[in-house]
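Colleague: My questions all concern the structure below.
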Amino acid sequence: MNETELPGVKPFLKWVGGKRKLLPHILPMLPAKFGRYHEPFVGGGALFFARRPERATLADSNSRLVRAYRGVRDHVDEVVLRLSDMPHEKATFEKVRASDVDAMSDAGVAWWLVYLNKTGFNGLYRVNSRNIFNVPFGDMTAPRICDEPRLRACSHALQGVEVLESEFETVLDRAEKGDFVYFDPPYVPMSASSCFVSYTKTGFDMPAQQRLVEVAATLKRRGVHVLLSNSAAPAVYELYSAFDIQEVSLNRLVGASAASRGKIKELLIR
């Protein structure tokens with residue numbers, strides 16, 4: 001299966017660690033049948049949009065990302081209209097970046113995030129300790145700022161889907177026996193220089209990775225189907241030594257430099 005043969009629709013956002021390239025490895029690992037689909041670190045949502053489960057709960061601790069999903073789900077006409085006449089220029093990018101996004105409607109947050117995602121450097125979402133988006137202008141050639149067919153396809157896929165702002169541990173309150181949970185957390189860094197956890201102002205440290213292992217084990221004991229992805233860092237092998245680990249290789253989709261977008265090895269864990 002190559003990318004042109006993948007099912008479903010493509011995500012409306014690029015996201016660090018996006019799983020589009022990994023889908024040919026992930027999809028065969030999903031259970032043939034399951035109850036509700038849960039994704040506590042939804043990010044770009046590549047697996048959700050490919051699988052299109054009938055019942056799903058998507059969640060993330062990034063409030064702006066969650067609100068963007070709700071904006072596309074509930075107000076796609078407004079999002080399309082606002083994006084349709086947005087120019088690709090540095091001055092506009094900097095004005096939009098400086099906007100008080102948290103005071104906007106869900107449609108406004110979706111517009112803000114999609115625009116910056118399409119025109120910012122390498123499609124990164126990064127904030128500082130004050131939760132201020134600080135990615136510079138990307139200066140790429142003719143980005144497709146308003147991909148109306150994709151936005152509408154994603155909106156259609158999100159109809160009836162629950163989208164929550166929550167920490168990953170709250171999946172323990174929702175997932176039931178027979179459900180499926182896919183965890184795609186910020187990865188354990190392969191080295192100190194490769195550490196990138198600035199999706200939210202609080203980050204995602206090693207104690208959080210350890211709590212995730214405990215949550216996954218608890219769900220498995222309940223009879224919930226669990227699949228995780230993470231880096232091939234030595235610490236991950238140690239954390240998940242009691243789990244089934246599969247190694248896969250792929251090209252990184254989004255990164256801060258050309259070097260960080262080369263061939264890498266990742267782990268699928270169940």
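As shown in the structure tokens, the chain order sets the letters A, B, ...; within each chain, residues go from 1, and ligands are also counted from 1 in the order they appear.
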Could you tell me, as a PyMOL selection string, which residues of segment 83-137 of chain A DSSP assigns to helix (DSSP H, G or I) when given the backbone?
Modeller: chain A and resi 83-84+90-97+101-103+106-119+121-123
Colleague: Within 10 Å of Ile145 of chain A, counting only C-alpha atoms, which residues show up once you throw out same-chain ones fewer than 3 positions away? Write them as a list in words, please.
Modeller: Val80, Leu83, Ser84, Asp85, Met86, Pro87, His88, Trp111, Val114, Tyr115, Leu116, Asn117, Lys118, Thr119, Ala142 and Glu148 of chain A
Colleague: Which residue is closest to Arg174 of chain A? Choose from A:Ala32, A:Leu58, A:Val236, A:Leu228 and count only C-alpha atoms.
Modeller: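 With only C-alpha atoms as the atom set, the closest residue is A:Leu58.
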Colleague: Let me make sure I understand: among A:Ala242, A:Leu23, A:Val135, A:Val76, which one has the smallest atom-to-atom distance to Ala98 of chain A if we use only C-alpha atoms?
Modeller: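 The answer is A:Val135, which sits nearest to Ala98 of chain A.
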Colleague: Find the residue from A:Val163, A:Cys146, A:Ala46, A:Ala216 that sits nearest to Arg70 of chain A; use only C-alpha atoms when measuring.
Modeller: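 Residue with the minimum atom-to-atom distance to Arg70 of chain A: A:Val163.
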Colleague: From the set A:Ala91, A:Ala68, A:Ala153, A:Leu27, which residue has the shortest atom-to-atom contact distance to Arg51 of chain A, counting only C-alpha atoms?
Modeller: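 Nearest candidate to Arg51 of chain A out of A:Ala91, A:Ala68, A:Ala153, A:Leu27: A:Leu27.
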Colleague: Could you list, as a VMD selection string, every residue within 12 Å of segment 61-64 of chain A, counting only C-alpha atoms and ignoring same-chain residues fewer than 2 positions away?
Modeller: chain A and resid 39 to 44 58 to 59 66 to 71 100 to 114 125 to 127 131 to 133 163 to 170 185 to 186 197 to 204
Colleague: Output N, CA and C atoms of each residue in that selection to a file, as a short mmCIF file (atom, residue, chain, number, x, y, z; two decimals), in the first residue's frame.
Modeller:
```cif
data_model
loop_
_atom_site.label_atom_id
_atom_site.label_comp_id
_atom_site.auth_asym_id
_atom_site.auth_seq_id
_atom_site.Cartn_x
_atom_site.Cartn_y
_atom_site.Cartn_z
N GLU A 39 -8.56 8.39 20.46
CA GLU A 39 -7.21 8.87 20.15
C GLU A 39 -6.90 10.05 21.06
N PRO A 40 -6.19 9.80 22.18
CA PRO A 40 -5.96 10.86 23.17
C PRO A 40 -4.92 11.90 22.78
N PHE A 41 -4.08 11.63 21.77
CA PHE A 41 -3.13 12.61 21.24
C PHE A 41 -3.45 12.77 19.75
N VAL A 42 -4.52 13.46 19.41
CA VAL A 42 -5.01 13.37 18.04
C VAL A 42 -4.06 14.01 17.02
N GLY A 43 -3.38 15.10 17.36
CA GLY A 43 -2.46 15.71 16.40
C GLY A 43 -3.14 15.97 15.07
N GLY A 44 -2.53 15.51 13.98
CA GLY A 44 -3.12 15.69 12.66
C GLY A 44 -4.23 14.71 12.35
N LEU A 58 -11.99 11.87 19.93
CA LEU A 58 -10.66 12.42 19.70
C LEU A 58 -10.37 13.41 20.81
N ALA A 59 -9.13 13.43 21.28
CA ALA A 59 -8.78 14.33 22.38
C ALA A 59 -7.35 14.79 22.24
N VAL A 66 -7.75 21.35 19.50
CA VAL A 66 -9.10 20.82 19.74
C VAL A 66 -10.15 21.77 19.18
N ARG A 67 -9.99 23.05 19.43
CA ARG A 67 -10.96 24.02 18.94
C ARG A 67 -10.93 24.12 17.41
N ALA A 68 -9.76 23.91 16.80
CA ALA A 68 -9.70 23.90 15.34
C ALA A 68 -10.49 22.72 14.77
N TYR A 69 -10.37 21.56 15.41
CA TYR A 69 -11.16 20.40 14.98
C TYR A 69 -12.65 20.71 15.09
N ARG A 70 -13.05 21.32 16.18
CA ARG A 70 -14.47 21.66 16.34
C ARG A 70 -14.91 22.69 15.31
N GLY A 71 -14.02 23.65 15.01
CA GLY A 71 -14.35 24.65 14.01
C GLY A 71 -14.56 24.05 12.64
N ASP A 100 -5.05 37.58 18.86
CA ASP A 100 -5.47 36.98 20.13
C ASP A 100 -6.35 35.77 19.80
N VAL A 101 -5.73 34.68 19.46
CA VAL A 101 -6.45 33.52 18.96
C VAL A 101 -7.39 32.94 20.01
N ASP A 102 -7.01 32.99 21.26
CA ASP A 102 -7.82 32.35 22.30
C ASP A 102 -9.12 33.09 22.56
N ALA A 103 -9.24 34.31 22.04
CA ALA A 103 -10.49 35.06 22.17
C ALA A 103 -11.41 34.83 20.97
N MET A 104 -10.96 34.07 19.99
CA MET A 104 -11.74 33.83 18.78
C MET A 104 -12.76 32.71 18.99
N SER A 105 -13.72 32.63 18.06
CA SER A 105 -14.64 31.50 17.99
C SER A 105 -13.88 30.26 17.54
N ASP A 106 -14.52 29.09 17.62
CA ASP A 106 -13.89 27.86 17.13
C ASP A 106 -13.55 27.98 15.64
N ALA A 107 -14.43 28.58 14.86
CA ALA A 107 -14.15 28.78 13.43
C ALA A 107 -12.94 29.68 13.25
N GLY A 108 -12.82 30.71 14.08
CA GLY A 108 -11.67 31.60 14.01
C GLY A 108 -10.38 30.89 14.37
N VAL A 109 -10.42 30.05 15.39
CA VAL A 109 -9.22 29.28 15.76
C VAL A 109 -8.82 28.35 14.62
N ALA A 110 -9.80 27.71 13.98
CA ALA A 110 -9.51 26.83 12.84
C ALA A 110 -8.87 27.61 11.71
N TRP A 111 -9.42 28.78 11.39
CA TRP A 111 -8.86 29.65 10.35
C TRP A 111 -7.43 30.02 10.69
N TRP A 112 -7.21 30.48 11.92
CA TRP A 112 -5.89 30.90 12.39
C TRP A 112 -4.88 29.77 12.28
N LEU A 113 -5.25 28.59 12.78
CA LEU A 113 -4.30 27.49 12.82
C LEU A 113 -4.01 26.95 11.43
N VAL A 114 -5.02 26.81 10.59
CA VAL A 114 -4.79 26.30 9.24
C VAL A 114 -3.92 27.27 8.46
N TYR A 125 3.94 23.53 14.56
CA TYR A 125 3.21 24.21 15.62
C TYR A 125 4.10 24.18 16.84
N ARG A 126 4.48 25.36 17.33
CA ARG A 126 5.40 25.44 18.46
C ARG A 126 5.05 26.67 19.27
N VAL A 127 5.02 26.54 20.59
CA VAL A 127 4.74 27.67 21.47
C VAL A 127 5.81 27.77 22.54
N ASN A 131 2.69 30.24 26.02
CA ASN A 131 1.72 29.72 25.05
C ASN A 131 1.59 30.62 23.83
N ILE A 132 2.66 31.32 23.49
CA ILE A 132 2.68 32.18 22.31
C ILE A 132 3.29 31.42 21.13
N PHE A 133 2.55 31.34 20.04
CA PHE A 133 3.02 30.67 18.83
C PHE A 133 4.21 31.44 18.27
N VAL A 163 -14.99 15.54 20.33
CA VAL A 163 -13.64 16.12 20.33
C VAL A 163 -13.45 16.84 21.67
N LEU A 164 -12.48 16.36 22.46
CA LEU A 164 -12.31 16.84 23.83
C LEU A 164 -10.93 17.45 24.05
N GLU A 165 -10.89 18.48 24.89
CA GLU A 165 -9.62 18.97 25.40
C GLU A 165 -9.38 18.26 26.73
N SER A 166 -8.40 17.39 26.78
CA SER A 166 -8.16 16.63 28.00
C SER A 166 -6.76 16.03 27.98
N GLU A 167 -6.27 15.68 29.14
CA GLU A 167 -5.01 14.96 29.26
C GLU A 167 -5.26 13.49 28.91
N PHE A 168 -4.20 12.79 28.51
CA PHE A 168 -4.36 11.43 27.99
C PHE A 168 -4.93 10.47 29.03
N GLU A 169 -4.66 10.72 30.33
CA GLU A 169 -5.12 9.79 31.37
C GLU A 169 -6.64 9.67 31.41
N THR A 170 -7.36 10.69 30.94
CA THR A 170 -8.82 10.65 31.04
C THR A 170 -9.44 9.60 30.14
N PRO A 185 1.91 9.80 21.34
CA PRO A 185 2.38 10.92 22.18
C PRO A 185 3.56 11.64 21.54
N PRO A 186 3.92 12.82 22.06
CA PRO A 186 5.22 13.38 21.71
C PRO A 186 6.29 12.33 22.00
N VAL A 197 8.99 19.02 22.32
CA VAL A 197 7.72 18.71 22.98
C VAL A 197 6.87 19.96 23.15
N SER A 198 7.15 20.99 22.35
CA SER A 198 6.50 22.29 22.55
C SER A 198 5.16 22.41 21.83
N TYR A 199 4.34 21.35 21.88
CA TYR A 199 2.99 21.42 21.34
C TYR A 199 2.08 22.21 22.29
N THR A 200 2.42 22.15 23.58
CA THR A 200 1.72 22.92 24.61
C THR A 200 2.78 23.56 25.49
N LYS A 201 2.38 24.53 26.28
CA LYS A 201 3.35 25.26 27.09
C LYS A 201 3.95 24.39 28.19
N THR A 202 3.30 23.27 28.54
CA THR A 202 3.80 22.40 29.61
C THR A 202 4.71 21.29 29.11
N GLY A 203 4.69 20.99 27.80
CA GLY A 203 5.56 19.96 27.26
C GLY A 203 5.12 18.54 27.64
N PHE A 204 6.02 17.57 27.42
CA PHE A 204 5.71 16.16 27.70
C PHE A 204 7.03 15.49 28.08
#
```
Colleague: Could you name the residues that touch segment 247-250 of chain A at 7 Å or less, counting only C-alpha atoms, but leaving out those on the same chain fewer than 4 positions away, as a list in words?
Modeller: Lys21, Lys263, Ile264, Lys265, Glu266, Leu267 and Leu268 of chain A
Colleague: Store the residues picked out above, limited to N, CA and C atoms, as a short mmCIF file (atom, residue, chain, number, x, y, z; two decimals), in the first residue's frame.
Modeller:
```cif
data_model
loop_
_atom_site.label_atom_id
_atom_site.label_comp_id
_atom_site.auth_asym_id
_atom_site.auth_seq_id
_atom_site.Cartn_x
_atom_site.Cartn_y
_atom_site.Cartn_z
N LYS A 21 2.59 8.64 6.55
CA LYS A 21 3.54 7.70 5.96
C LYS A 21 3.58 6.37 6.71
N LYS A 263 15.58 9.69 6.94
CA LYS A 263 15.08 8.37 7.25
C LYS A 263 15.22 8.10 8.74
N ILE A 264 14.15 7.63 9.36
CA ILE A 264 14.19 7.34 10.79
C ILE A 264 13.54 5.99 11.07
N LYS A 265 13.80 5.45 12.24
CA LYS A 265 13.16 4.23 12.69
C LYS A 265 12.20 4.59 13.82
N GLU A 266 10.98 4.07 13.75
CA GLU A 266 10.00 4.29 14.78
C GLU A 266 9.47 2.95 15.27
N LEU A 267 8.75 2.99 16.39
CA LEU A 267 8.24 1.77 17.00
C LEU A 267 6.72 1.80 17.04
N LEU A 268 6.10 0.67 16.72
CA LEU A 268 4.68 0.44 16.95
C LEU A 268 4.58 -0.60 18.06
#
```
Colleague: Which is closest to Val213 of chain A among A:Gln246, A:Phe121, A:Arg130, A:Leu227, if we use only C-alpha atoms?
Modeller: A:Leu227
Colleague: Excluding Leu47 of chain A and any residue of its chain fewer than 4 positions from it, enumerate the residues within 10 Å of it, using only C-alpha atoms, and give them as a PDB file with N, CA and C atoms, in the first residue's frame.
Modeller:
```pdb
ATOM      1  N   PRO A   7      -6.762   4.668   2.337  1.00  0.00           N
ATOM      2  CA  PRO A   7      -8.197   4.941   2.405  1.00  0.00           C
ATOM      3  C   PRO A   7      -8.481   6.275   3.075  1.00  0.00           C
ATOM      4  N   GLY A   8      -9.753   6.654   3.095  1.00  0.00           N
ATOM      5  CA  GLY A   8     -10.167   7.834   3.832  1.00  0.00           C
ATOM      6  C   GLY A   8      -9.751   9.129   3.179  1.00  0.00           C
ATOM      7  N   VAL A   9      -9.608  10.169   3.997  1.00  0.00           N
ATOM      8  CA  VAL A   9      -9.230  11.486   3.512  1.00  0.00           C
ATOM      9  C   VAL A   9      -7.940  11.920   4.194  1.00  0.00           C
ATOM     10  N   LYS A  10      -7.257  12.893   3.606  1.00  0.00           N
ATOM     11  CA  LYS A  10      -6.031  13.407   4.196  1.00  0.00           C
ATOM     12  C   LYS A  10      -6.365  14.439   5.274  1.00  0.00           C
ATOM     13  N   PRO A  11      -5.567  14.521   6.327  1.00  0.00           N
ATOM     14  CA  PRO A  11      -5.813  15.503   7.381  1.00  0.00           C
ATOM     15  C   PRO A  11      -5.761  16.930   6.849  1.00  0.00           C
ATOM     16  N   GLY A  18       3.354  13.451  12.200  1.00  0.00           N
ATOM     17  CA  GLY A  18       2.156  12.976  11.503  1.00  0.00           C
ATOM     18  C   GLY A  18       2.329  11.555  10.984  1.00  0.00           C
ATOM     19  N   LYS A  19       1.250  10.792  10.982  1.00  0.00           N
ATOM     20  CA  LYS A  19       1.329   9.356  10.727  1.00  0.00           C
ATOM     21  C   LYS A  19       0.913   8.932   9.317  1.00  0.00           C
ATOM     22  N   ARG A  20       0.783   9.867   8.409  1.00  0.00           N
ATOM     23  CA  ARG A  20       0.356   9.500   7.053  1.00  0.00           C
ATOM     24  C   ARG A  20       1.281   8.448   6.431  1.00  0.00           C
ATOM     25  N   LEU A  22       3.160   6.388   7.965  1.00  0.00           N
ATOM     26  CA  LEU A  22       3.206   5.168   8.771  1.00  0.00           C
ATOM     27  C   LEU A  22       1.935   4.334   8.648  1.00  0.00           C
ATOM     28  N   LEU A  23       0.907   4.877   8.013  1.00  0.00           N
ATOM     29  CA  LEU A  23      -0.377   4.183   7.940  1.00  0.00           C
ATOM     30  C   LEU A  23      -0.301   2.782   7.326  1.00  0.00           C
ATOM     31  N   ILE A  26       0.475   0.749  10.241  1.00  0.00           N
ATOM     32  CA  ILE A  26      -0.470   0.800  11.354  1.00  0.00           C
ATOM     33  C   ILE A  26      -1.780   0.090  11.030  1.00  0.00           C
ATOM     34  N   LEU A  27      -2.340   0.350   9.859  1.00  0.00           N
ATOM     35  CA  LEU A  27      -3.674  -0.160   9.544  1.00  0.00           C
ATOM     36  C   LEU A  27      -3.795  -1.680   9.690  1.00  0.00           C
ATOM     37  N   GLU A  39      -8.561   8.386  20.461  1.00  0.00           N
ATOM     38  CA  GLU A  39      -7.210   8.867  20.148  1.00  0.00           C
ATOM     39  C   GLU A  39      -6.899  10.054  21.061  1.00  0.00           C
ATOM     40  N   VAL A  42      -4.515  13.459  19.407  1.00  0.00           N
ATOM     41  CA  VAL A  42      -5.008  13.373  18.037  1.00  0.00           C
ATOM     42  C   VAL A  42      -4.064  14.006  17.020  1.00  0.00           C
ATOM     43  N   ARG A  51      -9.120   5.664   8.771  1.00  0.00           N
ATOM     44  CA  ARG A  51      -9.972   4.555   9.212  1.00  0.00           C
ATOM     45  C   ARG A  51     -11.456   4.918   9.221  1.00  0.00           C
ATOM     46  N   ARG A  52     -11.757   6.197   9.489  1.00  0.00           N
ATOM     47  CA  ARG A  52     -13.137   6.682   9.530  1.00  0.00           C
ATOM     48  C   ARG A  52     -14.036   5.788  10.392  1.00  0.00           C
ATOM     49  N   PRO A  53     -13.721   5.605  11.684  1.00  0.00           N
ATOM     50  CA  PRO A  53     -14.546   4.745  12.540  1.00  0.00           C
ATOM     51  C   PRO A  53     -15.939   5.332  12.732  1.00  0.00           C
ATOM     52  N   TYR A 182      -5.632   4.372  20.346  1.00  0.00           N
ATOM     53  CA  TYR A 182      -4.334   4.606  19.696  1.00  0.00           C
ATOM     54  C   TYR A 182      -3.661   5.798  20.359  1.00  0.00           C
TER      55      TYR A 182
END
```
